Structures are given as structure tokens and as C-alpha cells.
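Structure data (compact mmCIF, C-alpha atoms) from query-v4.txt:
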```
# COMPACT_ATOMS: atom_id res chain seq x y z
CA MET P 1 -23.27 15.44 56.54
CA ASP P 2 -22.76 12.11 54.70
CA ARG P 3 -24.44 13.49 51.58
CA ARG P 4 -22.20 16.56 51.57
CA ARG P 5 -19.09 14.45 52.01
CA LEU P 6 -20.17 12.06 49.26
CA ALA P 7 -20.96 14.99 46.96
CA ALA P 8 -17.45 16.36 47.48
CA ALA P 9 -15.87 12.92 47.01
CA GLY P 10 -17.93 12.30 43.87
CA LEU P 11 -16.85 15.62 42.35
CA SER P 12 -13.19 14.84 43.00
CA ALA P 13 -13.74 11.39 41.48
CA VAL P 14 -14.79 13.14 38.26
CA LEU P 15 -11.85 15.56 38.37
CA PRO P 16 -9.44 15.92 41.29
CA GLY P 17 -9.89 19.37 42.78
CA LEU P 18 -13.62 19.77 42.16
CA GLY P 19 -14.48 18.29 45.55
CA GLN P 20 -11.97 20.61 47.22
CA ALA P 21 -13.57 23.58 45.44
CA PHE P 22 -16.97 22.36 46.66
CA ASN P 23 -15.53 22.37 50.19
CA ARG P 24 -14.14 25.90 49.53
CA ARG P 25 -10.56 24.72 49.86
CA ILE P 26 -9.26 26.86 47.01
CA GLN P 27 -5.55 26.16 47.44
CA LEU P 28 -6.12 22.43 47.69
CA ALA P 29 -8.45 22.61 44.69
CA ALA P 30 -5.69 24.21 42.62
CA LEU P 31 -3.12 21.71 43.89
CA PHE P 32 -5.22 18.76 42.79
CA ALA P 33 -6.80 20.26 39.66
CA VAL P 34 -3.84 21.81 37.81
CA PRO P 35 -1.79 18.59 37.31
CA SER P 36 -4.98 16.67 36.49
CA LEU P 37 -6.05 19.21 33.87
CA LEU P 38 -2.60 19.31 32.28
CA LEU P 39 -2.52 15.52 32.00
CA LEU P 40 -6.08 15.44 30.64
CA ILE P 41 -5.31 18.08 28.01
CA ALA P 42 -2.15 16.25 26.96
CA ALA P 43 -4.11 12.99 26.56
CA ILE P 44 -6.84 14.70 24.51
CA VAL P 45 -4.30 16.38 22.23
CA LEU P 46 -2.45 13.08 21.73
CA VAL P 47 -5.65 11.24 20.81
CA GLN P 48 -6.73 14.01 18.45
CA LEU P 49 -3.39 14.17 16.65
CA GLN P 50 -2.87 10.44 16.29
CA SER P 51 -5.10 7.82 14.69
CA PRO P 52 -5.96 4.73 16.77
CA GLY P 53 -3.61 2.55 14.71
CA ARG P 54 -0.63 4.85 15.12
CA LEU P 55 -1.41 5.38 18.77
CA LEU P 56 -1.51 1.64 19.42
CA ALA P 57 1.73 1.10 17.50
CA TRP P 58 3.40 3.78 19.63
CA ILE P 59 1.99 2.42 22.89
CA VAL P 60 3.21 -1.17 22.40
CA ALA P 61 6.88 -0.14 22.43
CA PRO P 62 8.13 -1.72 25.70
CA GLN P 63 9.55 1.52 27.13
CA VAL P 64 6.42 3.53 26.31
CA LEU P 65 4.03 0.85 27.57
CA GLY P 66 5.95 0.45 30.83
CA THR P 67 5.89 4.20 31.40
CA LEU P 68 2.16 4.41 30.69
CA LEU P 69 1.35 1.53 33.02
CA ALA P 70 3.32 3.19 35.83
CA LEU P 71 1.63 6.54 35.08
CA ASN P 72 -1.75 4.81 35.19
CA LEU P 73 -1.08 3.65 38.77
CA VAL P 74 0.19 7.10 39.78
CA VAL P 75 -2.98 8.73 38.41
CA LEU P 76 -5.11 6.16 40.26
CA ALA P 77 -3.35 6.95 43.54
CA TRP P 78 -3.71 10.70 42.86
CA ARG P 79 -7.44 10.40 42.24
CA LEU P 80 -7.99 8.24 45.35
CA VAL P 81 -6.09 10.75 47.49
CA ALA P 82 -8.22 13.58 46.07
CA VAL P 83 -11.42 11.62 46.73
CA GLY P 84 -10.35 10.71 50.28
CA GLN P 85 -9.28 14.26 51.13
CA ALA P 86 -12.55 15.70 49.83
CA PHE P 87 -14.55 13.16 51.84
CA LEU P 88 -12.57 13.57 55.06
CA ASP P 89 -12.23 17.34 54.84
CA THR P 90 -11.44 18.58 58.34
CA SER P 91 -13.82 21.53 58.05
CA ARG P 92 -16.73 19.10 58.18
CA SER P 93 -17.43 17.82 61.67
CA GLY P 94 -19.50 14.91 62.78
CA PRO P 95 -19.24 11.13 62.52
CA THR P 96 -19.55 9.23 59.25
CA GLY P 97 -22.74 7.21 59.00
CA ARG P 98 -23.53 4.00 57.16
CA LEU P 99 -24.48 5.95 54.02
CA GLY P 100 -21.10 7.65 54.02
CA VAL P 101 -19.13 4.42 54.48
CA ILE P 102 -21.03 2.55 51.75
CA GLY P 103 -20.95 5.56 49.44
CA ILE P 104 -17.19 6.19 49.70
CA VAL P 105 -16.46 2.50 49.08
CA VAL P 106 -18.62 2.57 45.95
CA ILE P 107 -16.95 5.77 44.71
CA ALA P 108 -13.49 4.33 45.33
CA LEU P 109 -14.38 1.19 43.39
CA LEU P 110 -15.75 3.23 40.48
CA VAL P 111 -12.54 5.27 40.44
CA ALA P 112 -10.28 2.23 40.57
CA LEU P 113 -12.12 0.00 38.09
CA PRO P 114 -11.13 1.72 34.80
CA HIS P 115 -7.51 1.99 35.95
CA LEU P 116 -7.40 -1.69 36.86
CA VAL P 117 -8.96 -2.61 33.50
CA ALA P 118 -6.44 -0.40 31.69
CA TYR P 119 -3.59 -2.00 33.62
CA ARG P 120 -4.87 -5.50 32.83
CA TYR P 121 -5.29 -4.73 29.12
CA GLY P 122 -1.90 -3.01 29.08
CA THR P 123 -0.07 -5.96 30.60
CA MET P 124 -1.87 -8.32 28.19
CA LEU P 125 -0.84 -6.09 25.30
CA GLY P 126 2.75 -6.05 26.49
CA ASP P 127 2.88 -9.83 26.94
CA THR P 128 1.33 -10.39 23.50
CA PHE P 129 3.74 -8.14 21.65
CA ALA P 130 6.70 -9.52 23.59
CA ARG P 131 5.74 -12.98 22.32
CA ILE P 132 5.10 -11.78 18.77
CA PHE P 133 8.32 -9.85 18.37
CA GLN P 134 10.62 -12.25 20.16
CA GLY P 135 12.02 -13.09 16.70
CA ALA P 136 13.76 -9.69 16.72
CA ALA P 137 16.23 -11.14 19.25
CA LEU P 138 17.91 -13.03 16.38
CA ALA P 139 19.29 -9.72 15.20
CA ASP P 140 21.35 -9.54 18.39
CA ASP P 141 22.88 -13.00 17.94
CA PRO P 142 26.57 -12.46 17.11
CA GLY P 143 26.66 -15.78 15.27
CA VAL P 144 23.98 -14.72 12.79
CA PRO P 145 24.78 -12.10 10.13
CA PRO P 146 22.39 -9.14 10.40
CA PRO P 147 19.56 -9.08 7.84
CA PRO P 148 19.25 -6.21 5.34
CA VAL P 149 17.66 -3.09 6.81
CA PRO P 150 15.48 -0.75 4.72
CA GLY P 151 16.79 2.80 4.47
CA ASP P 152 14.70 5.95 4.75
CA GLY P 153 12.15 6.06 1.94
CA GLU P 154 12.99 2.54 0.71
CA ARG P 155 10.51 -0.27 0.25
CA ILE P 156 9.88 -2.43 3.30
CA ASN P 157 9.67 -6.09 2.26
CA VAL P 158 8.09 -8.56 4.68
CA LEU P 159 7.84 -12.31 4.14
CA LEU P 160 4.50 -13.67 5.38
CA VAL P 161 4.70 -17.37 6.17
CA GLY P 162 1.72 -19.58 6.93
CA VAL P 163 2.77 -22.76 8.75
CA ASP P 164 0.42 -25.62 8.01
CA LYS P 165 1.22 -27.76 11.05
CA LEU P 166 -1.97 -29.53 12.05
CA PRO P 167 -2.33 -31.85 15.06
CA ASN P 168 -2.38 -34.97 12.85
CA ARG P 169 0.84 -34.01 11.00
CA SER P 170 4.43 -34.57 12.02
CA ALA P 171 5.93 -32.22 9.40
CA THR P 172 6.07 -28.43 9.63
CA LEU P 173 5.41 -27.09 6.13
CA THR P 174 5.29 -23.47 4.99
CA ASP P 175 2.31 -23.95 2.72
CA THR P 176 1.73 -20.20 2.44
CA MET P 177 4.57 -17.91 1.41
CA MET P 178 3.75 -14.35 0.47
CA VAL P 179 5.84 -11.19 0.16
CA ALA P 180 4.20 -7.94 1.24
CA SER P 181 6.10 -4.86 0.10
CA LEU P 182 5.19 -1.42 1.48
CA ASP P 183 6.10 1.69 -0.49
CA PRO P 184 6.31 4.55 2.07
CA ILE P 185 6.45 7.19 -0.67
CA GLY P 186 3.83 5.98 -3.13
CA LYS P 187 1.61 4.66 -0.29
CA THR P 188 1.02 1.29 -1.97
CA VAL P 189 1.27 -2.36 -0.97
CA SER P 190 2.36 -5.10 -3.35
CA LEU P 191 1.53 -8.73 -2.55
CA LEU P 192 3.16 -11.66 -4.33
CA SER P 193 2.41 -15.29 -3.46
CA VAL P 194 5.12 -17.91 -4.01
CA PRO P 195 4.06 -21.51 -4.81
CA ARG P 196 4.80 -24.07 -2.15
CA ASP P 197 5.80 -26.78 -4.66
CA LEU P 198 8.64 -24.75 -6.16
CA VAL P 199 11.85 -26.76 -6.64
CA ASP P 200 15.42 -25.81 -7.50
CA THR P 201 15.14 -22.52 -5.65
CA PRO P 202 18.28 -20.34 -5.44
CA LEU P 203 19.46 -19.76 -1.88
CA GLY P 204 21.28 -16.50 -2.54
CA ASP P 205 24.73 -17.94 -1.75
CA GLY P 206 25.33 -19.70 -5.05
CA ASN P 207 23.59 -22.90 -3.95
CA VAL P 208 20.19 -24.26 -4.92
CA PHE P 209 17.59 -26.02 -2.75
CA GLY P 210 16.37 -28.99 -4.79
CA PRO P 211 13.31 -30.19 -2.78
CA LYS P 212 10.02 -28.34 -2.54
CA LEU P 213 10.32 -24.86 -1.11
CA ASN P 214 7.71 -25.48 1.58
CA SER P 215 10.11 -27.90 3.29
CA LEU P 216 13.09 -25.51 3.43
CA LEU P 217 12.26 -23.90 6.79
CA ALA P 218 11.96 -27.23 8.62
CA TYR P 219 15.00 -28.71 6.86
CA ALA P 220 17.22 -25.72 7.64
CA ASP P 221 16.10 -25.70 11.28
CA SER P 222 17.05 -29.37 11.64
CA HIS P 223 20.38 -29.01 9.80
CA LYS P 224 22.06 -26.06 11.50
CA ASP P 225 25.48 -27.28 10.35
CA GLN P 226 24.43 -26.59 6.75
CA PHE P 227 22.19 -23.60 7.50
CA PRO P 228 23.61 -21.68 10.49
CA LYS P 229 21.15 -18.82 9.95
CA GLY P 230 18.25 -21.10 10.83
CA GLY P 231 15.08 -21.86 8.94
CA ILE P 232 13.31 -18.53 8.71
CA ARG P 233 16.38 -16.52 7.69
CA THR P 234 17.32 -19.16 5.13
CA LEU P 235 13.81 -19.00 3.68
CA GLU P 236 13.99 -15.18 3.58
CA ASP P 237 17.26 -15.33 1.67
CA ALA P 238 15.89 -17.93 -0.76
CA ILE P 239 12.73 -16.00 -1.62
CA GLY P 240 14.71 -12.77 -1.83
CA ALA P 241 17.11 -14.43 -4.30
CA LEU P 242 14.17 -15.85 -6.26
CA LEU P 243 12.56 -12.42 -6.67
CA GLY P 244 15.73 -10.33 -6.84
CA ILE P 245 14.80 -8.17 -3.83
CA PRO P 246 15.97 -7.98 -0.20
CA ILE P 247 13.65 -9.43 2.44
CA HIS P 248 13.89 -7.27 5.55
CA TYR P 249 11.48 -8.89 8.00
CA TYR P 250 9.16 -11.83 8.42
CA ALA P 251 5.82 -12.61 10.04
CA ARG P 252 4.98 -16.25 10.73
CA ILE P 253 1.37 -17.35 11.18
CA ASP P 254 0.21 -20.68 12.58
CA PHE P 255 -2.88 -21.85 10.69
CA VAL P 256 -4.42 -23.50 13.75
CA GLY P 257 -4.21 -20.28 15.75
CA PHE P 258 -5.54 -18.40 12.72
CA ILE P 259 -8.99 -19.85 13.51
CA ASP P 260 -8.92 -18.25 16.96
CA MET P 261 -7.83 -14.90 15.47
CA VAL P 262 -10.76 -14.81 13.05
CA ASP P 263 -13.24 -15.89 15.72
CA ALA P 264 -11.85 -13.30 18.16
CA VAL P 265 -12.87 -10.45 15.83
CA GLY P 266 -16.26 -11.97 15.08
CA GLY P 267 -15.43 -13.42 11.65
CA VAL P 268 -14.42 -11.83 8.33
CA ASP P 269 -16.38 -10.72 5.27
CA VAL P 270 -15.35 -11.84 1.78
CA THR P 271 -16.93 -11.85 -1.66
CA VAL P 272 -16.38 -15.17 -3.42
CA ALA P 273 -15.92 -14.70 -7.16
CA LYS P 274 -16.43 -18.38 -8.02
CA GLY P 275 -17.96 -21.04 -5.81
CA PHE P 276 -16.44 -24.51 -5.49
CA GLU P 277 -16.79 -27.83 -3.70
CA ASP P 278 -13.82 -29.73 -2.31
CA PRO P 279 -14.89 -33.21 -1.12
CA GLY P 280 -11.29 -34.06 -0.21
CA TYR P 281 -10.78 -31.20 2.27
CA ASP P 282 -9.50 -32.65 5.57
CA GLY P 283 -12.29 -30.97 7.51
CA PHE P 284 -10.07 -29.41 10.18
CA GLY P 285 -12.29 -27.55 12.62
CA PHE P 286 -15.46 -29.27 11.38
CA GLY P 287 -14.96 -32.93 12.30
CA LYS P 288 -15.91 -34.18 8.84
CA ARG P 289 -14.30 -34.23 5.42
CA GLY P 290 -15.29 -31.94 2.57
CA TRP P 291 -16.07 -28.24 2.26
CA SER P 292 -17.87 -26.03 -0.24
CA ILE P 293 -18.83 -22.40 -0.76
CA THR P 294 -21.07 -20.54 -3.20
CA ALA P 295 -20.29 -17.41 -5.17
CA GLY P 296 -21.22 -14.08 -3.59
CA PRO P 297 -20.71 -12.31 -0.26
CA HIS P 298 -20.04 -14.44 2.83
CA HIS P 299 -19.34 -13.89 6.51
CA LEU P 300 -16.84 -16.56 7.55
CA ASP P 301 -16.00 -17.75 11.05
CA GLY P 302 -12.58 -19.18 11.92
CA PRO P 303 -12.91 -22.75 10.58
CA ASN P 304 -14.62 -21.58 7.39
CA ALA P 305 -12.07 -18.79 6.82
CA LEU P 306 -9.27 -21.35 7.21
CA ALA P 307 -11.01 -23.75 4.83
CA TYR P 308 -11.42 -20.95 2.28
CA ALA P 309 -7.70 -20.19 2.61
CA ARG P 310 -6.50 -23.83 2.52
CA SER P 311 -8.81 -25.68 0.13
CA ARG P 312 -7.11 -26.47 -3.20
CA LYS P 313 -8.44 -29.78 -4.56
CA ALA P 314 -11.82 -28.70 -5.90
CA ALA P 315 -12.42 -28.73 -9.64
CA GLY P 316 -10.72 -25.70 -11.16
CA GLU P 317 -8.85 -24.89 -7.94
CA SER P 318 -5.14 -25.23 -7.21
CA ASP P 319 -2.28 -23.88 -5.12
CA PHE P 320 -2.36 -20.78 -7.31
CA THR P 321 -6.06 -19.99 -6.83
CA ARG P 322 -5.90 -20.60 -3.11
CA ALA P 323 -2.91 -18.22 -2.89
CA ALA P 324 -5.20 -15.47 -4.20
CA ARG P 325 -7.85 -16.48 -1.65
CA GLN P 326 -5.28 -16.29 1.14
CA GLN P 327 -4.45 -12.72 0.13
CA GLN P 328 -8.18 -11.95 0.19
CA ILE P 329 -8.58 -13.39 3.70
CA LEU P 330 -5.61 -11.42 5.06
CA VAL P 331 -7.00 -8.16 3.68
CA ALA P 332 -10.44 -8.98 5.12
CA LEU P 333 -8.92 -9.70 8.54
CA ARG P 334 -6.97 -6.44 8.42
CA ASP P 335 -10.18 -4.55 7.55
CA LYS P 336 -12.08 -6.17 10.43
CA VAL P 337 -9.37 -5.41 13.01
CA THR P 338 -8.98 -1.77 11.93
CA SER P 339 -12.72 -1.10 11.67
CA GLY P 340 -12.99 -0.38 15.41
CA GLY P 341 -16.53 -0.97 16.68
CA ASN P 342 -16.69 -3.48 19.52
CA LEU P 343 -13.03 -4.51 19.20
CA LEU P 344 -12.40 -3.36 22.80
CA PHE P 345 -14.59 -6.18 24.12
CA GLN P 346 -12.94 -8.69 21.77
CA LEU P 347 -9.44 -7.52 22.68
CA PRO P 348 -8.56 -10.15 25.35
CA GLY P 349 -9.42 -13.07 23.08
CA LEU P 350 -7.76 -11.44 20.08
CA LEU P 351 -4.57 -10.69 21.99
CA ASP P 352 -4.36 -14.24 23.28
CA ALA P 353 -4.94 -15.68 19.80
CA VAL P 354 -2.45 -13.31 18.17
CA GLY P 355 0.18 -14.04 20.82
CA ARG P 356 -0.13 -17.78 20.19
CA THR P 357 -0.31 -17.47 16.41
CA ILE P 358 2.13 -14.86 15.10
CA ARG P 359 5.89 -14.42 15.36
CA SER P 360 7.83 -11.59 13.73
CA ASP P 361 11.18 -9.83 13.80
CA VAL P 362 9.91 -6.36 12.86
CA PRO P 363 11.55 -3.92 15.33
CA THR P 364 8.92 -2.47 17.64
CA ASP P 365 10.32 1.04 17.14
CA LYS P 366 9.28 0.81 13.48
CA LEU P 367 5.66 -0.07 14.25
CA PRO P 368 4.36 3.54 14.40
CA ALA P 369 5.82 4.30 10.96
CA LEU P 370 4.43 1.07 9.52
CA ALA P 371 1.01 1.77 11.04
CA ALA P 372 1.05 5.24 9.51
CA ILE P 373 1.79 3.82 6.06
CA MET P 374 -0.87 1.11 6.33
CA GLU P 375 -3.57 3.58 7.34
CA GLU P 376 -2.92 5.69 4.25
CA ILE P 377 -3.26 2.74 1.91
CA SER P 378 -6.70 2.08 0.43
CA HIS P 379 -7.95 -1.04 -1.35
CA ARG P 380 -7.23 0.67 -4.67
CA ASN P 381 -3.55 0.84 -3.76
CA VAL P 382 -3.11 -2.86 -3.00
CA VAL P 383 -1.67 -4.70 -6.01
CA SER P 384 -1.37 -8.47 -5.89
CA ALA P 385 -0.10 -11.30 -8.05
CA VAL P 386 0.50 -15.04 -7.80
CA ILE P 387 3.54 -16.79 -9.27
CA ARG P 388 2.03 -19.39 -11.60
CA TYR P 389 2.31 -20.69 -15.18
CA PRO P 390 4.12 -19.56 -17.34
CA LEU P 391 6.40 -18.17 -14.60
CA VAL P 392 6.66 -21.76 -13.38
CA HIS P 393 6.29 -25.04 -15.25
CA PRO P 394 4.91 -28.31 -13.89
CA LYS P 395 7.53 -30.98 -13.41
CA SER P 396 7.45 -34.48 -11.98
CA THR P 397 10.32 -34.99 -9.55
CA ARG P 398 11.21 -37.47 -6.84
CA TYR P 399 9.50 -35.02 -4.44
CA GLY P 400 6.18 -35.42 -6.29
CA ASP P 401 4.34 -32.98 -8.55
CA SER P 402 6.53 -29.87 -8.54
CA GLN P 403 6.93 -26.44 -10.15
CA GLU P 404 10.14 -25.47 -11.95
CA PRO P 405 10.81 -21.69 -11.80
CA ASP P 406 11.63 -19.49 -14.77
CA LEU P 407 13.92 -17.14 -12.83
CA VAL P 408 14.19 -14.51 -15.56
CA ALA P 409 10.41 -14.28 -16.00
CA ILE P 410 9.75 -14.27 -12.24
CA ARG P 411 12.23 -11.48 -11.61
CA ARG P 412 10.75 -9.45 -14.48
CA VAL P 413 7.32 -9.65 -12.85
CA ALA P 414 8.84 -8.86 -9.44
CA ALA P 415 10.55 -5.77 -10.87
CA ASP P 416 7.18 -4.45 -12.07
CA LEU P 417 5.42 -5.37 -8.83
CA PHE P 418 8.17 -3.95 -6.56
CA PRO P 419 9.40 -0.86 -8.45
CA ALA P 420 11.36 2.06 -7.04
CA PRO P 421 9.55 3.91 -4.21
CA GLY P 422 7.08 6.43 -5.56
CA THR P 423 6.53 4.45 -8.77
CA ALA P 424 3.15 2.80 -9.27
CA PRO P 425 3.45 -1.01 -9.14
CA LYS P 426 2.20 -3.10 -12.03
CA GLY P 427 0.28 -6.27 -11.39
CA TRP P 428 0.61 -9.41 -13.48
CA THR P 429 -2.18 -11.48 -14.94
CA PRO P 430 -1.37 -14.92 -16.32
CA PRO P 431 -2.29 -15.50 -19.96
CA LYS P 432 -5.50 -17.39 -20.69
```

What is this structure when it is put down as C-alpha cells?
Amino acid sequence: MDRRRLAAAGLSAVLPGLGQAFNRRIQLAALFAVPSLLLLIAAIVLVQLQSPGRLLAWIVAPQVLGTLLALNLVVLAWRLVAVGQAFLDTSRSGPTGRLGVIGIVVIALLVALPHLVAYRYGTMLGDTFARIFQGAALADDPGVPPPPVPGDGERINVLLVGVDKLPNRSATLTDTMMVASLDPIGKTVSLLSVPRDLVDTPLGDGNVFGPKLNSLLAYADSHKDQFPKGGIRTLEDAIGALLGIPIHYYARIDFVGFIDMVDAVGGVDVTVAKGFEDPGYDGFGFGKRGWSITAGPHHLDGPNALAYARSRKAAGESDFTRAARQQQILVALRDKVTSGGNLLFQLPGLLDAVGRTIRSDVPTDKLPALAAIMEEISHRNVVSAVIRYPLVHPKSTRYGDSQEPDLVAIRRVAADLFPAPGTAPKGWTPPK
């Protein structure tokens, strides 16, 4: 009797209604099976029609995620009811023995476990994306003018900011500033790195910021009377004015948390074109000064990936060469995250690291469209450039060694790199 009851319960655990059919309860079998089959078919169709990236981007929208989490609990309750009914079917008489009690508990746990895991991962995902996209709340501040919004088919320009605030530093410096521009028609991405030591940068309102550009964000945040938009929006406007393009969104990355992100996905793979040795590297993450790397393929963990992205004082290296390396690391990280594999097991650590590391104001309702564009872009369609000599000229100022911009030349390069949607972008290579 216990074995028959457990067989019925086990069948309904696989698909509600099967256990009822086993017990020859045809009407109950149809009642439990039809909704379950419809939901299963809908899920299969959705997975087949959407890529993992697009599906994830759709799921993380707060309204969608909340609905799915509630549906997950409803389905769990439905399956447990089906299992319990099949086990306790009134047509079977006789007491339940020890085998039956232990067996039904095990079946119930096996039914509940994936739903509880899905709920846990779902809530983690929701918390992470709520932290990441909290910057979008600025758009609702009546005291802050709304930023430019890309129209249908227009380029989407995102400012990527790397904040080099280490534990032993009091200043918050944006030592990495990069514009990523997505062409939704031509399916290309253009990357342009802006030097941190740029001075006399136009702010877009007729004024000029004299000190180094990497100090603008912190200065504007601490001088709200002069910069009511705040640091990040002021920096967006400045770089937009420098390049002659609108900056629609931003993504801010904390370099310290970047280590955890790389480690969470098991490291990144890069091919180093030219090896170098930097004895003056501060050794963050290693506990000792100095860092070096040889030419060729490398698998880098978090501290080494950060060192590869930050090192700039080796012979033949500079802010300009490290800007190119930073672009390489970001592409490598994107490839590792989208490659699938065992990412599911790395997801908790990755979500925690991402939630502590990244802030952005990209509207969550635009994530599915952005994910769709990114998935259609291959390595061949990523064009990158670094603003360097002769677009800028070295200059000694009271702020130290600086770079004076040639605005006409910079905007000419930007026009080629960020052309009209559907037009192939042109990269720029500095003269020998």
C-alpha cells in the first residue's frame, strides 16, 4: 500500500495529474494536468524563442520578477497539493507505514527544493538589480533636468566610469572614463577612452573645468551650489561636450569590487600583445609592490586582471596604453559572463559582487532591447580608440603633468567613431 501511494505521489511530483491518472481518478487527473501542461508549454516556448541574455534582461524588470516569484510559489503549492492528493487518495484504504511517511517527506522536499532555490536566486537577482539601477531615480528628481533620451533607432551612448578609490586613498578619482556607443541598426559598438589627465574640458554650458578631468565627479559632488546636477551628470555633460555627442546613461564601476566580479566568474582570458614590468605598481590585492606580465595568452584572476587594467608606469606604458587594456578586460569579462557553462553555480557570488560594484541609470525597461543588440554584436563589430597624442598635447600645469585637448581634432575622430546609425564606424590609429 505504501509503495502504491508513493508511486502515485512520485508521478504527480513529476507532473501534477499523473499520480491521479495512476489512481484512475480521470477527472482529477485532468484538473491537475491541464493547467500544468499549459504552463509548461508556455515556459518551453518562451525559452526557445528568447536567448538567455534577453530572457534575463526581461526577467529582471521589477514587475516581471515580482510576478514570476509569486507564480513560482503558486506552482509549488499546486504541485504539493497534487502530490498530497495522489498519496492520500481515498480509494486506497489502510494505514500509512514508516516507508510511506519517510517517502512522502522525501518527495515533498524534492518538489520544494528547486522552487526554493529559484525563489532565493530570484530575490538575490532583484536585490542586485535594484542596487545597480538605483541611479535611475535621479531622473525623477524635479530639481535635476532630465538627461537626453535616445530615440528609436538612434545610437545609445553610455559613459563607463571606473572609480579608483582604494582603501589607502582619501580621494575619489575617475581614473577610467570610456564611452560605449551602441548602434541598434548597424549592430556595432564603438568604444572611446578619455584620458584622465585632461584639463580645460568644456562643461557644455559655456564654462570650462580647468583641473584634471578625473577630479570633476568628486568636485561637483562636493560643490552642489556650483554643480546642482551632481557629479555623475556633470561628468556626462562634460564628456558629451568634449566629443560633440549626447551621453544618455552611465555605468559606474568600483575597481575594488571589480576584483570580486572577475573572481566570481572564474577569471578572464586575455591575449597580451606586449609584455611589461611595472616595479612601481602599488600591489593592491597582492600585498607587495610591482607587477609584470609576459606576451601571449593569459588567464587572469581578479587581482591580476585589475593590475593589468591599472598598471601604467612600466617602460613604454602610459595612461593611453592602459586605456586600451581596460577595454580588452571589459570585453573579456563580457565574454566570460555570456559564455554560460557553470555560471549558475557562480551566480550568488557574481550577483553580490556586481551589486556592490556597479551603479547605473539605464532604465530597466530598456534592458531587453540592449541585451538583444549586444547579443548580435560580434568581436568584428567592436571598434575602439583611445584619445591620445596628437588629439591631446602634454602640458605642465599647477595640477601636475596634464593633457591639453585639441577639441576640433577630438570631435573629428568622434564623428567617425560615432556616425549615424547604420553607418560603419571608423576607428582611429595615432600616427607613429

Practice task
Tell me, as a ChimeraX atom specification, which residues lie within 8 Å of Phe87 of chain P, counting all atoms listed in the file; anything in the same chain fewer than 2 positions away does not count.
Solution key: /P:5-6,8-9,83-85,89,104

Exercise for the section: Rank P:Met178, P:Leu300, P:Ile132, P:Ile247 by their smallest atom-to-atom distance to Gln327 of chain P, using only C-alpha atoms, and report the top residue only. Expected result: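 Residue with the minimum atom-to-atom distance to Gln327 of chain P: P:Met178.
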
Handout entry: Spatial neighbours of segment 406-423 of chain P, 12 Å, all atoms listed in the file, chain gap at least 4 places, as a ChimeraX atom specification
Key = /P:150-157,179-195,198-202,239-247,381-394,427-430

Exercise for the section: Record the distance separating atom CA of Ala13 of chain P and atom CA of Gly97 of chain P, expressed in Å with one decimal. Expected result: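 Computing it gives 20.1 Å between the two atoms.
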
Problem - Residues near Trp58 of chain P, cut-off 8 Å, all atoms listed in the file, skip fewer than 6 positions along chain, as a PyMOL selection string - result: chain P and resi 64+365+367-368

Practice task
Using atom CA of Ala57 of chain P and atom CA of Lys366 of chain P as the two end points, give the distance in Å to one decimal.
Solution key: 8.6 Å

Practice task
Measure the distance from atom CA of Met374 of chain P to atom CA of Ile253 of chain P in Å and round it to one decimal.
Solution key: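 Atom CA of Ile253 of chain P lies 19.2 Å from atom CA of Met374 of chain P.
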
Exercise for the section: Excluding Leu65 of chain P and residues on its chain fewer than 4 positions from it, collect all residues at most 10 Å away from it, counting all atoms listed in the file, and give them as a list in words. Expected result: Leu56, Trp58, Ile59, Val60, Ala61, Leu69, Ala70, Leu71, Gly122, Thr123, Leu125 and Gly126 of chain P

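Closest approach to Leu110 of chain P among P:Leu46, P:Val14, P:Val149, P:Leu68 is made by P:Val14 (distances from all atoms listed in the file).
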